[in-house]
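Below is run.cif, holding mmCIF, C-alpha atoms, pLDDT in the B column; chains and numbers go by the auth columns.
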```
data_entry
loop_
_atom_site.group_PDB
_atom_site.id
_atom_site.type_symbol
_atom_site.label_atom_id
_atom_site.label_comp_id
_atom_site.label_asym_id
_atom_site.label_seq_id
_atom_site.Cartn_x
_atom_site.Cartn_y
_atom_site.Cartn_z
_atom_site.B_iso_or_equiv
_atom_site.auth_seq_id
_atom_site.auth_asym_id
ATOM 1 C CA MET A 1 -37.501 -70.021 60.376 67.00 1 A
ATOM 2 C CA ALA A 2 -36.140 -73.386 61.365 82.00 2 A
ATOM 3 C CA GLY A 3 -32.611 -73.830 62.572 90.00 3 A
ATOM 4 C CA PRO A 4 -29.716 -74.590 60.264 95.00 4 A
ATOM 5 C CA THR A 5 -29.769 -77.718 58.151 95.00 5 A
ATOM 6 C CA GLU A 6 -26.043 -78.194 58.757 96.00 6 A
ATOM 7 C CA THR A 7 -23.628 -77.237 61.528 97.00 7 A
ATOM 8 C CA THR A 8 -19.908 -77.831 60.970 96.00 8 A
ATOM 9 C CA LEU A 9 -16.664 -76.973 62.708 96.00 9 A
ATOM 10 C CA GLY A 10 -14.434 -74.881 60.459 93.00 10 A
ATOM 11 C CA PRO A 11 -10.782 -75.520 59.564 91.00 11 A
ATOM 12 C CA PHE A 12 -9.518 -72.613 61.675 88.00 12 A
ATOM 13 C CA SER A 13 -10.658 -74.244 64.911 95.00 13 A
ATOM 14 C CA ALA A 14 -8.212 -75.347 67.587 94.00 14 A
ATOM 15 C CA PRO A 15 -7.548 -79.076 67.960 93.00 15 A
ATOM 16 C CA GLY A 16 -10.241 -80.549 70.172 92.00 16 A
ATOM 17 C CA ALA A 17 -12.635 -77.626 69.669 95.00 17 A
ATOM 18 C CA THR A 18 -16.332 -78.377 69.440 94.00 18 A
ATOM 19 C CA ALA A 19 -19.033 -76.688 67.386 96.00 19 A
ATOM 20 C CA ILE A 20 -21.161 -74.140 69.215 96.00 20 A
ATOM 21 C CA PRO A 21 -24.783 -75.344 69.226 97.00 21 A
ATOM 22 C CA TRP A 22 -27.183 -73.124 67.258 97.00 22 A
ATOM 23 C CA GLU A 23 -29.378 -72.764 70.343 97.00 23 A
ATOM 24 C CA LEU A 24 -26.512 -71.014 72.179 97.00 24 A
ATOM 25 C CA THR A 25 -25.936 -68.713 69.223 97.00 25 A
ATOM 26 C CA VAL A 26 -29.643 -67.787 69.130 97.00 26 A
ATOM 27 C CA GLU A 27 -29.570 -67.092 72.871 97.00 27 A
ATOM 28 C CA ALA A 28 -26.599 -64.749 72.389 97.00 28 A
ATOM 29 C CA LEU A 29 -28.256 -62.988 69.422 97.00 29 A
ATOM 30 C CA ARG A 30 -31.378 -62.392 71.541 95.00 30 A
ATOM 31 C CA ARG A 31 -29.262 -60.717 74.246 94.00 31 A
ATOM 32 C CA THR A 32 -27.329 -58.550 71.773 94.00 32 A
ATOM 33 C CA GLN A 33 -28.503 -55.009 71.128 88.00 33 A
ATOM 34 C CA LYS A 34 -25.871 -53.531 68.822 94.00 34 A
ATOM 35 C CA PHE A 35 -24.811 -54.995 65.489 97.00 35 A
ATOM 36 C CA SER A 36 -22.780 -53.897 62.482 98.00 36 A
ATOM 37 C CA LEU A 37 -24.509 -54.050 59.113 98.00 37 A
ATOM 38 C CA THR A 38 -22.441 -54.528 55.962 98.00 38 A
ATOM 39 C CA THR A 39 -23.998 -53.857 52.565 98.00 39 A
ATOM 40 C CA VAL A 40 -22.627 -53.281 49.062 98.00 40 A
ATOM 41 C CA ARG A 41 -22.878 -49.959 47.242 98.00 41 A
ATOM 42 C CA THR A 42 -23.988 -49.931 43.613 96.00 42 A
ATOM 43 C CA ASP A 43 -20.369 -49.339 42.544 97.00 43 A
ATOM 44 C CA GLY A 44 -19.260 -52.481 44.437 97.00 44 A
ATOM 45 C CA ARG A 45 -17.655 -50.774 47.429 97.00 45 A
ATOM 46 C CA PRO A 46 -18.597 -52.107 50.877 98.00 46 A
ATOM 47 C CA HIS A 47 -20.553 -50.023 53.374 98.00 47 A
ATOM 48 C CA ALA A 48 -20.623 -50.826 57.098 98.00 48 A
ATOM 49 C CA THR A 49 -22.494 -49.112 59.890 97.00 49 A
ATOM 50 C CA PRO A 50 -23.480 -49.904 63.481 96.00 50 A
ATOM 51 C CA LEU A 51 -27.178 -50.199 64.235 93.00 51 A
ATOM 52 C CA LEU A 52 -29.739 -51.595 66.634 92.00 52 A
ATOM 53 C CA ALA A 53 -31.280 -54.918 65.685 95.00 53 A
ATOM 54 C CA VAL A 54 -33.298 -57.618 67.361 95.00 54 A
ATOM 55 C CA TRP A 55 -33.382 -61.387 66.892 96.00 55 A
ATOM 56 C CA ALA A 56 -37.012 -62.544 66.751 96.00 56 A
ATOM 57 C CA TYR A 57 -39.082 -65.034 64.766 95.00 57 A
ATOM 58 C CA GLY A 58 -35.995 -66.729 63.329 95.00 58 A
ATOM 59 C CA ALA A 59 -34.448 -63.589 61.861 97.00 59 A
ATOM 60 C CA LEU A 60 -32.705 -60.310 62.594 97.00 60 A
ATOM 61 C CA TRP A 61 -34.819 -57.152 62.265 96.00 61 A
ATOM 62 C CA PHE A 62 -33.598 -53.557 61.931 94.00 62 A
ATOM 63 C CA ALA A 63 -34.892 -50.189 60.779 90.00 63 A
ATOM 64 C CA THR A 64 -33.264 -47.387 58.828 89.00 64 A
ATOM 65 C CA GLY A 65 -34.195 -44.199 57.057 85.00 65 A
ATOM 66 C CA GLY A 66 -35.303 -44.639 53.472 85.00 66 A
ATOM 67 C CA ASN A 67 -32.718 -42.105 52.282 86.00 67 A
ATOM 68 C CA GLU A 68 -29.782 -43.580 54.210 90.00 68 A
ATOM 69 C CA GLN A 69 -26.937 -45.248 52.319 95.00 69 A
ATOM 70 C CA LYS A 70 -27.749 -48.701 53.681 96.00 70 A
ATOM 71 C CA ALA A 71 -31.360 -48.461 52.420 95.00 71 A
ATOM 72 C CA LYS A 72 -30.141 -47.393 48.987 95.00 72 A
ATOM 73 C CA ASN A 73 -27.660 -50.268 48.944 98.00 73 A
ATOM 74 C CA LEU A 74 -30.290 -52.817 50.011 98.00 74 A
ATOM 75 C CA ALA A 75 -32.698 -51.597 47.324 97.00 75 A
ATOM 76 C CA ALA A 76 -30.077 -52.455 44.693 98.00 76 A
ATOM 77 C CA ASN A 77 -28.666 -55.588 46.364 98.00 77 A
ATOM 78 C CA PRO A 78 -30.446 -57.165 49.352 98.00 78 A
ATOM 79 C CA HIS A 79 -27.499 -59.384 50.344 98.00 79 A
ATOM 80 C CA CYS A 80 -25.973 -58.254 53.626 98.00 80 A
ATOM 81 C CA ILE A 81 -24.122 -59.284 56.759 98.00 81 A
ATOM 82 C CA LEU A 82 -24.953 -58.454 60.370 98.00 82 A
ATOM 83 C CA SER A 83 -22.187 -59.076 62.875 98.00 83 A
ATOM 84 C CA THR A 84 -21.676 -58.641 66.588 97.00 84 A
ATOM 85 C CA GLY A 85 -19.437 -59.921 69.319 95.00 85 A
ATOM 86 C CA THR A 86 -16.586 -58.912 71.492 90.00 86 A
ATOM 87 C CA ASN A 87 -13.645 -56.573 71.100 87.00 87 A
ATOM 88 C CA THR A 88 -11.401 -58.831 73.176 88.00 88 A
ATOM 89 C CA LEU A 89 -9.803 -62.252 72.756 87.00 89 A
ATOM 90 C CA THR A 90 -12.456 -63.831 74.968 90.00 90 A
ATOM 91 C CA GLY A 91 -16.102 -64.460 74.217 93.00 91 A
ATOM 92 C CA THR A 92 -17.768 -65.200 70.907 96.00 92 A
ATOM 93 C CA ASP A 93 -18.222 -63.256 67.676 97.00 93 A
ATOM 94 C CA TYR A 94 -21.222 -63.829 65.409 98.00 94 A
ATOM 95 C CA VAL A 95 -21.770 -63.254 61.686 98.00 95 A
ATOM 96 C CA ILE A 96 -25.173 -63.643 60.016 98.00 96 A
ATOM 97 C CA GLU A 97 -25.399 -63.584 56.221 98.00 97 A
ATOM 98 C CA GLY A 98 -28.716 -63.241 54.443 98.00 98 A
ATOM 99 C CA LYS A 99 -31.012 -61.178 52.255 98.00 99 A
ATOM 100 C CA ALA A 100 -32.718 -58.141 53.724 98.00 100 A
ATOM 101 C CA ALA A 101 -36.432 -58.105 52.952 98.00 101 A
ATOM 102 C CA LEU A 102 -38.385 -54.879 53.304 95.00 102 A
ATOM 103 C CA VAL A 103 -41.243 -55.478 55.748 93.00 103 A
ATOM 104 C CA THR A 104 -44.543 -53.825 54.832 88.00 104 A
ATOM 105 C CA ASP A 105 -47.100 -56.177 56.388 89.00 105 A
ATOM 106 C CA PRO A 106 -48.743 -54.395 59.358 83.00 106 A
ATOM 107 C CA ASP A 107 -48.880 -57.575 61.477 86.00 107 A
ATOM 108 C CA ASP A 108 -45.181 -58.269 60.904 89.00 108 A
ATOM 109 C CA ARG A 109 -44.307 -54.665 61.740 84.00 109 A
ATOM 110 C CA THR A 110 -46.351 -54.880 64.933 82.00 110 A
ATOM 111 C CA ALA A 111 -44.570 -58.106 65.895 86.00 111 A
ATOM 112 C CA ALA A 112 -41.209 -56.444 65.223 86.00 112 A
ATOM 113 C CA ALA A 113 -42.208 -53.428 67.328 82.00 113 A
ATOM 114 C CA GLU A 114 -43.075 -55.741 70.212 83.00 114 A
ATOM 115 C CA ALA A 115 -39.725 -57.531 69.837 89.00 115 A
ATOM 116 C CA PHE A 116 -37.855 -54.188 69.905 85.00 116 A
ATOM 117 C CA GLU A 117 -39.875 -53.085 72.950 82.00 117 A
ATOM 118 C CA GLN A 118 -39.002 -56.282 74.789 86.00 118 A
ATOM 119 C CA ALA A 119 -35.324 -56.232 73.805 88.00 119 A
ATOM 120 C CA TYR A 120 -34.629 -52.565 74.495 83.00 120 A
ATOM 121 C CA GLY A 121 -37.257 -51.676 77.085 80.00 121 A
ATOM 122 C CA TRP A 122 -38.707 -48.986 74.812 74.00 122 A
ATOM 123 C CA HIS A 123 -42.402 -48.507 74.315 69.00 123 A
ATOM 124 C CA LEU A 124 -42.914 -48.029 70.566 64.00 124 A
ATOM 125 C CA THR A 125 -46.656 -48.468 70.244 62.00 125 A
ATOM 126 C CA ARG A 126 -49.717 -46.507 71.284 63.00 126 A
ATOM 127 C CA GLU A 127 -52.712 -48.069 73.030 68.00 127 A
ATOM 128 C CA ASP A 128 -54.396 -48.468 69.633 65.00 128 A
ATOM 129 C CA GLY A 129 -51.442 -50.578 68.440 56.00 129 A
ATOM 130 C CA THR A 130 -49.958 -48.024 66.030 56.00 130 A
ATOM 131 C CA TRP A 131 -46.253 -47.205 66.183 57.00 131 A
ATOM 132 C CA TYR A 132 -44.926 -43.898 67.384 59.00 132 A
ATOM 133 C CA ARG A 133 -41.402 -42.546 67.660 59.00 133 A
ATOM 134 C CA MET A 134 -39.659 -44.818 65.172 57.00 134 A
ATOM 135 C CA GLY A 135 -43.045 -46.163 64.121 50.00 135 A
ATOM 136 C CA ASP A 136 -44.470 -42.825 63.013 53.00 136 A
ATOM 137 C CA ALA A 137 -41.541 -42.493 60.661 52.00 137 A
ATOM 138 C CA LEU A 138 -42.000 -46.130 59.626 49.00 138 A
ATOM 139 C CA ARG A 139 -45.635 -45.556 58.675 49.00 139 A
ATOM 140 C CA SER A 140 -44.792 -42.407 56.730 52.00 140 A
ATOM 141 C CA GLY A 141 -42.035 -44.182 54.805 52.00 141 A
ATOM 142 C CA GLU A 142 -39.243 -42.179 56.408 60.00 142 A
ATOM 143 C CA VAL A 143 -38.038 -45.332 58.178 74.00 143 A
ATOM 144 C CA GLN A 144 -37.957 -48.764 56.604 88.00 144 A
ATOM 145 C CA LEU A 145 -38.101 -52.039 58.516 92.00 145 A
ATOM 146 C CA TYR A 146 -36.053 -54.995 57.276 96.00 146 A
ATOM 147 C CA ARG A 147 -35.987 -58.688 58.113 97.00 147 A
ATOM 148 C CA VAL A 148 -32.840 -60.744 57.481 98.00 148 A
ATOM 149 C CA GLY A 149 -33.347 -64.489 57.611 95.00 149 A
ATOM 150 C CA PRO A 150 -29.981 -66.226 57.770 97.00 150 A
ATOM 151 C CA THR A 151 -28.674 -68.248 54.849 97.00 151 A
ATOM 152 C CA LEU A 152 -25.231 -68.723 56.403 98.00 152 A
ATOM 153 C CA ALA A 153 -23.959 -67.894 59.887 98.00 153 A
ATOM 154 C CA PHE A 154 -20.777 -68.236 61.916 98.00 154 A
ATOM 155 C CA ALA A 155 -19.915 -68.295 65.604 97.00 155 A
ATOM 156 C CA TYR A 156 -16.233 -67.667 66.341 97.00 156 A
ATOM 157 C CA GLY A 157 -15.232 -68.829 69.803 96.00 157 A
ATOM 158 C CA ASN A 158 -12.312 -66.920 71.327 92.00 158 A
ATOM 159 C CA GLY A 159 -10.229 -67.581 74.404 86.00 159 A
ATOM 160 C CA THR A 160 -8.633 -70.818 75.488 80.00 160 A
ATOM 161 C CA GLU A 161 -10.269 -72.800 72.659 84.00 161 A
ATOM 162 C CA PHE A 162 -10.656 -70.936 69.385 93.00 162 A
ATOM 163 C CA SER A 163 -13.393 -72.319 67.169 96.00 163 A
ATOM 164 C CA GLN A 164 -15.180 -71.518 63.920 97.00 164 A
ATOM 165 C CA THR A 165 -18.705 -72.906 63.788 98.00 165 A
ATOM 166 C CA ARG A 166 -20.515 -72.654 60.469 97.00 166 A
ATOM 167 C CA TYR A 167 -24.308 -72.895 60.213 98.00 167 A
ATOM 168 C CA SER A 168 -25.985 -73.258 56.821 97.00 168 A
ATOM 169 C CA TRP A 169 -29.566 -73.419 55.589 96.00 169 A
ATOM 170 C CA GLY A 170 -30.808 -75.284 52.554 80.00 170 A
#
```

Once you've parsed the file, please lay out its structure as C-alpha coordinates.
Amino acid sequence: MAGPTETTLGPFSAPGATAIPWELTVEALRRTQKFSLTTVRTDGRPHATPLLAVWAYGALWFATGGNEQKAKNLAANPHCILSTGTNTLTGTDYVIEGKAALVTDPDDRTAAAEAFEQAYGWHLTREDGTWYRMGDALRSGEVQLYRVGPTLAFAYGNGTEFSQTRYSWG
(Lines of atoms letter the chains of each structure in order from A and count residues from 1; the text may use other names and numbers.)
(Lines give C-alpha, C1' and ligand atoms only; values in the text may rest on other atoms or scores of the structure.)
Protein backbone atom coordinates (compact mmCIF):
# COMPACT_ATOMS: atom_id res chain seq x y z
CA MET A 1 0.00 0.00 0.00
CA ALA A 2 1.27 3.43 -0.89
CA GLY A 3 1.70 6.12 1.69
CA PRO A 4 -1.02 8.59 2.58
CA THR A 5 -2.44 10.86 -0.08
CA GLU A 6 -2.62 13.71 2.44
CA THR A 7 -0.70 14.63 5.58
CA THR A 8 -1.96 17.55 7.68
CA LEU A 9 -1.20 19.09 11.05
CA GLY A 10 -4.25 18.99 13.31
CA PRO A 11 -5.82 21.89 15.23
CA PHE A 12 -4.63 20.58 18.61
CA SER A 13 -0.97 21.08 17.71
CA ALA A 14 1.23 23.56 19.53
CA PRO A 15 2.14 26.79 17.73
CA GLY A 16 5.14 26.12 15.53
CA ALA A 17 4.66 22.34 15.54
CA THR A 18 5.42 20.44 12.37
CA ALA A 19 3.75 17.36 10.93
CA ILE A 20 5.51 14.06 11.58
CA PRO A 21 6.57 12.55 8.24
CA TRP A 22 4.81 9.27 7.37
CA GLU A 23 8.19 7.57 6.95
CA LEU A 24 8.97 8.20 10.65
CA THR A 25 5.58 6.83 11.66
CA VAL A 26 6.16 3.67 9.59
CA GLU A 27 9.59 3.24 11.19
CA ALA A 28 8.01 3.47 14.65
CA LEU A 29 5.22 1.02 13.73
CA ARG A 30 7.85 -1.48 12.51
CA ARG A 31 9.63 -1.29 15.89
CA THR A 32 6.43 -1.65 17.91
CA GLN A 33 5.41 -5.08 19.15
CA LYS A 34 2.33 -4.45 21.29
CA PHE A 35 -0.82 -2.70 20.13
CA SER A 36 -4.36 -2.20 21.38
CA LEU A 37 -7.16 -3.28 19.06
CA THR A 38 -10.55 -1.58 19.30
CA THR A 39 -13.57 -3.16 17.62
CA VAL A 40 -17.33 -2.72 17.93
CA ARG A 41 -19.64 -5.38 19.34
CA THR A 42 -22.86 -6.19 17.50
CA ASP A 43 -24.82 -4.23 20.14
CA GLY A 44 -22.67 -1.12 19.47
CA ARG A 45 -20.50 -1.29 22.59
CA PRO A 46 -16.74 -0.89 22.08
CA HIS A 47 -14.30 -3.71 22.76
CA ALA A 48 -10.57 -3.12 23.29
CA THR A 49 -7.80 -5.61 23.88
CA PRO A 50 -4.00 -5.63 23.73
CA LEU A 51 -2.38 -7.86 21.14
CA LEU A 52 0.76 -8.50 19.13
CA ALA A 53 0.82 -7.06 15.63
CA VAL A 54 3.39 -6.37 12.97
CA TRP A 55 3.67 -3.62 10.36
CA ALA A 56 4.58 -5.18 7.00
CA TYR A 57 3.62 -4.72 3.36
CA GLY A 58 1.86 -1.42 4.04
CA ALA A 59 -0.48 -2.75 6.72
CA LEU A 60 -0.79 -4.02 10.27
CA TRP A 61 -1.22 -7.79 10.69
CA PHE A 62 -2.49 -9.66 13.75
CA ALA A 63 -3.93 -13.05 14.65
CA THR A 64 -6.69 -14.08 17.02
CA GLY A 65 -8.77 -17.10 17.87
CA GLY A 66 -11.86 -17.55 15.75
CA ASN A 67 -14.06 -17.73 18.85
CA GLU A 68 -12.61 -14.65 20.57
CA GLN A 69 -14.75 -11.54 20.96
CA LYS A 70 -12.62 -9.49 18.58
CA ALA A 71 -13.05 -12.09 15.80
CA LYS A 72 -16.80 -12.11 16.33
CA ASN A 73 -16.87 -8.32 16.25
CA LEU A 74 -14.77 -8.15 13.06
CA ALA A 75 -17.02 -10.70 11.34
CA ALA A 76 -19.97 -8.34 11.88
CA ASN A 77 -18.11 -5.05 11.37
CA PRO A 78 -14.55 -5.02 9.98
CA HIS A 79 -13.86 -1.39 10.95
CA CYS A 80 -11.28 -1.18 13.72
CA ILE A 81 -8.51 0.86 15.30
CA LEU A 82 -5.03 -0.27 16.31
CA SER A 83 -3.15 2.06 18.61
CA THR A 84 0.20 2.12 20.35
CA GLY A 85 2.54 4.60 21.92
CA THR A 86 3.78 5.77 25.23
CA ASN A 87 2.30 5.98 28.70
CA THR A 88 4.20 9.19 29.47
CA LEU A 89 4.08 12.80 28.29
CA THR A 90 7.09 12.23 26.05
CA GLY A 91 7.32 10.27 22.84
CA THR A 92 4.67 9.67 20.20
CA ASP A 93 1.32 7.88 20.17
CA TYR A 94 -0.05 6.28 17.01
CA VAL A 95 -3.59 5.44 15.89
CA ILE A 96 -4.34 3.45 12.73
CA GLU A 97 -7.93 3.21 11.49
CA GLY A 98 -8.94 0.72 8.83
CA LYS A 99 -10.89 -2.37 7.87
CA ALA A 100 -9.67 -5.75 9.03
CA ALA A 101 -9.57 -8.26 6.19
CA LEU A 102 -9.40 -11.97 6.96
CA VAL A 103 -6.30 -13.39 5.27
CA THR A 104 -6.74 -16.84 3.71
CA ASP A 105 -4.23 -16.77 0.85
CA PRO A 106 -1.35 -19.15 1.70
CA ASP A 107 1.30 -16.85 0.19
CA ASP A 108 0.04 -13.87 2.21
CA ARG A 109 -0.03 -15.97 5.38
CA THR A 110 3.52 -17.13 4.73
CA ALA A 111 4.64 -13.53 4.22
CA ALA A 112 2.93 -12.54 7.47
CA ALA A 113 4.60 -15.43 9.31
CA GLU A 114 7.99 -14.25 8.06
CA ALA A 115 7.20 -10.69 9.19
CA PHE A 116 6.21 -11.93 12.67
CA GLU A 117 9.38 -14.06 12.84
CA GLN A 118 11.54 -11.08 11.96
CA ALA A 119 9.75 -8.68 14.31
CA TYR A 120 9.56 -10.94 17.35
CA GLY A 121 12.47 -13.32 16.82
CA TRP A 122 10.12 -16.32 16.84
CA HIS A 123 10.40 -19.15 14.37
CA LEU A 124 6.84 -19.89 13.21
CA THR A 125 7.47 -22.06 10.17
CA ARG A 126 8.79 -25.55 9.56
CA GLU A 127 11.43 -26.35 6.95
CA ASP A 128 8.64 -27.22 4.50
CA GLY A 129 7.23 -23.69 4.89
CA THR A 130 4.11 -24.64 6.87
CA TRP A 131 3.26 -22.78 10.07
CA TYR A 132 3.48 -24.35 13.48
CA ARG A 133 2.69 -23.00 16.93
CA MET A 134 0.34 -20.18 15.98
CA GLY A 135 0.36 -21.44 12.41
CA ASP A 136 -1.00 -24.90 13.20
CA ALA A 137 -3.98 -23.22 14.81
CA LEU A 138 -4.18 -20.83 11.85
CA ARG A 139 -4.37 -23.69 9.35
CA SER A 140 -7.01 -25.50 11.39
CA GLY A 141 -9.14 -22.36 11.65
CA GLU A 142 -8.62 -21.97 15.39
CA VAL A 143 -6.61 -18.80 14.75
CA GLN A 144 -7.49 -16.20 12.15
CA LEU A 145 -5.02 -13.83 10.52
CA TYR A 146 -6.11 -10.28 9.72
CA ARG A 147 -4.63 -7.47 7.65
CA VAL A 148 -5.57 -3.85 8.39
CA GLY A 149 -4.62 -1.39 5.67
CA PRO A 150 -4.91 2.15 7.00
CA THR A 151 -7.62 4.49 5.78
CA LEU A 152 -6.83 7.16 8.38
CA ALA A 153 -3.94 7.43 10.84
CA PHE A 154 -2.66 9.82 13.48
CA ALA A 155 0.68 10.49 15.14
CA TYR A 156 0.42 12.48 18.37
CA GLY A 157 3.72 14.05 19.36
CA ASN A 158 4.16 14.59 23.10
CA GLY A 159 6.75 16.51 25.07
CA THR A 160 8.03 20.00 24.45
CA GLU A 161 6.07 20.35 21.19
CA PHE A 162 2.68 18.67 21.14
CA SER A 163 1.44 17.85 17.66
CA GLN A 164 -1.41 16.02 15.95
CA THR A 165 -0.47 14.71 12.52
CA ARG A 166 -3.28 13.28 10.41
CA TYR A 167 -2.61 10.93 7.49
CA SER A 168 -5.41 10.04 5.07
CA TRP A 169 -5.74 7.76 2.06
CA GLY A 170 -8.01 8.29 -0.91

task = Return as an MDAnalysis selection string the set of residues that the PyMOL selection byres ((chain A and resi 37) around 8) yields on the displayed structure.
result = chainID A and resid 35:36 38:39 48:51 80:83

request  = Give the answer as one residue: which of A:Thr110, A:Thr84, A:Thr64, A:Ser168 has the shortest atom-to-atom distance to Gly98 in chain A, using all atoms listed in the file?
outcome  =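 For Gly98 in chain A, the nearest of the candidates is A:Ser168.
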
key: Counting all atoms listed in the file, the residue of A:Gly149, A:Pro11, A:Gly85, A:Gly65 that sits nearest Arg31 in chain A   =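 Looking at the shortest contact to Arg31 in chain A, the residue is A:Gly85.
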
ask   = For the file shown, what are the residues hit by the PyMOL selection byres ((chain A and resi 2) around 12), laid out as a ChimeraX atom specification?
value = /A:1,3-6,22-23,26,57-59,149-151,167-170

task = For Thr32 in chain A, list every protein, DNA or RNA residue within 10 Å, evaluated using all atoms listed in the file, and leave out those in the same chain fewer than 4 positions away; present the list as a list in words.
result =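 What passes the distance filter is Val26, Glu27, Ala28, Leu52, Ala53, Val54, Trp55, Thr84, Gly85, Ala119 and Tyr120 of chain A.
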
inquiry  = I'd like the residues picked by the PyMOL selection byres ((chain A and resi 160-164) around 7) written out as an MDAnalysis selection string, using the chain letters and numbers from the file.
reply    = chainID A and resid 9:10 12:14 17 154:159 165:166

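What separates CA of His79 in chain A from CA of Thr18 in chain A is a distance of 29.2 Å.
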
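Minimum atom-to-atom distance to Asp108 in chain A, evaluated using all atoms listed in the file, belongs to A:Leu145 out of A:Ala153, A:Leu24, A:Leu145, A:Ala19.
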
inquiry  = Please list as a ChimeraX atom specification every residue within 9 Å of Asn77 in chain A, counting all atoms listed in the file and excluding residues in the same chain fewer than 6 positions away.
reply    = /A:39-42,99-100

task = Identify which of the residues A:Thr25, A:Asn67, A:Thr8, A:Asn73 lies closest to Thr92 in chain A, counting all atoms listed in the file when measuring atom-to-atom distances.
result =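 Smallest distance to Thr92 in chain A is found for A:Thr25.
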
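Counting from CA of Leu102 in chain A, the distance to CA of Gln144 in chain A is 7.0 Å.
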
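Nearest residue to Leu152 in chain A among A:Ala112, A:Ile96, A:Trp122, A:Gln33 is A:Ile96, counting only C-alpha atoms.
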
message = One number please: CA of Val95 in chain A to CA of Arg45 in chain A, in Å, one decimal.
response =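 Between these atoms lies a distance of 19.4 Å.
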
task = Return the single residue from A:Phe116, A:Pro46, A:Arg109, A:Gly16 that is closest to Arg30 in chain A, with distances computed using all atoms listed in the file.
result = A:Phe116
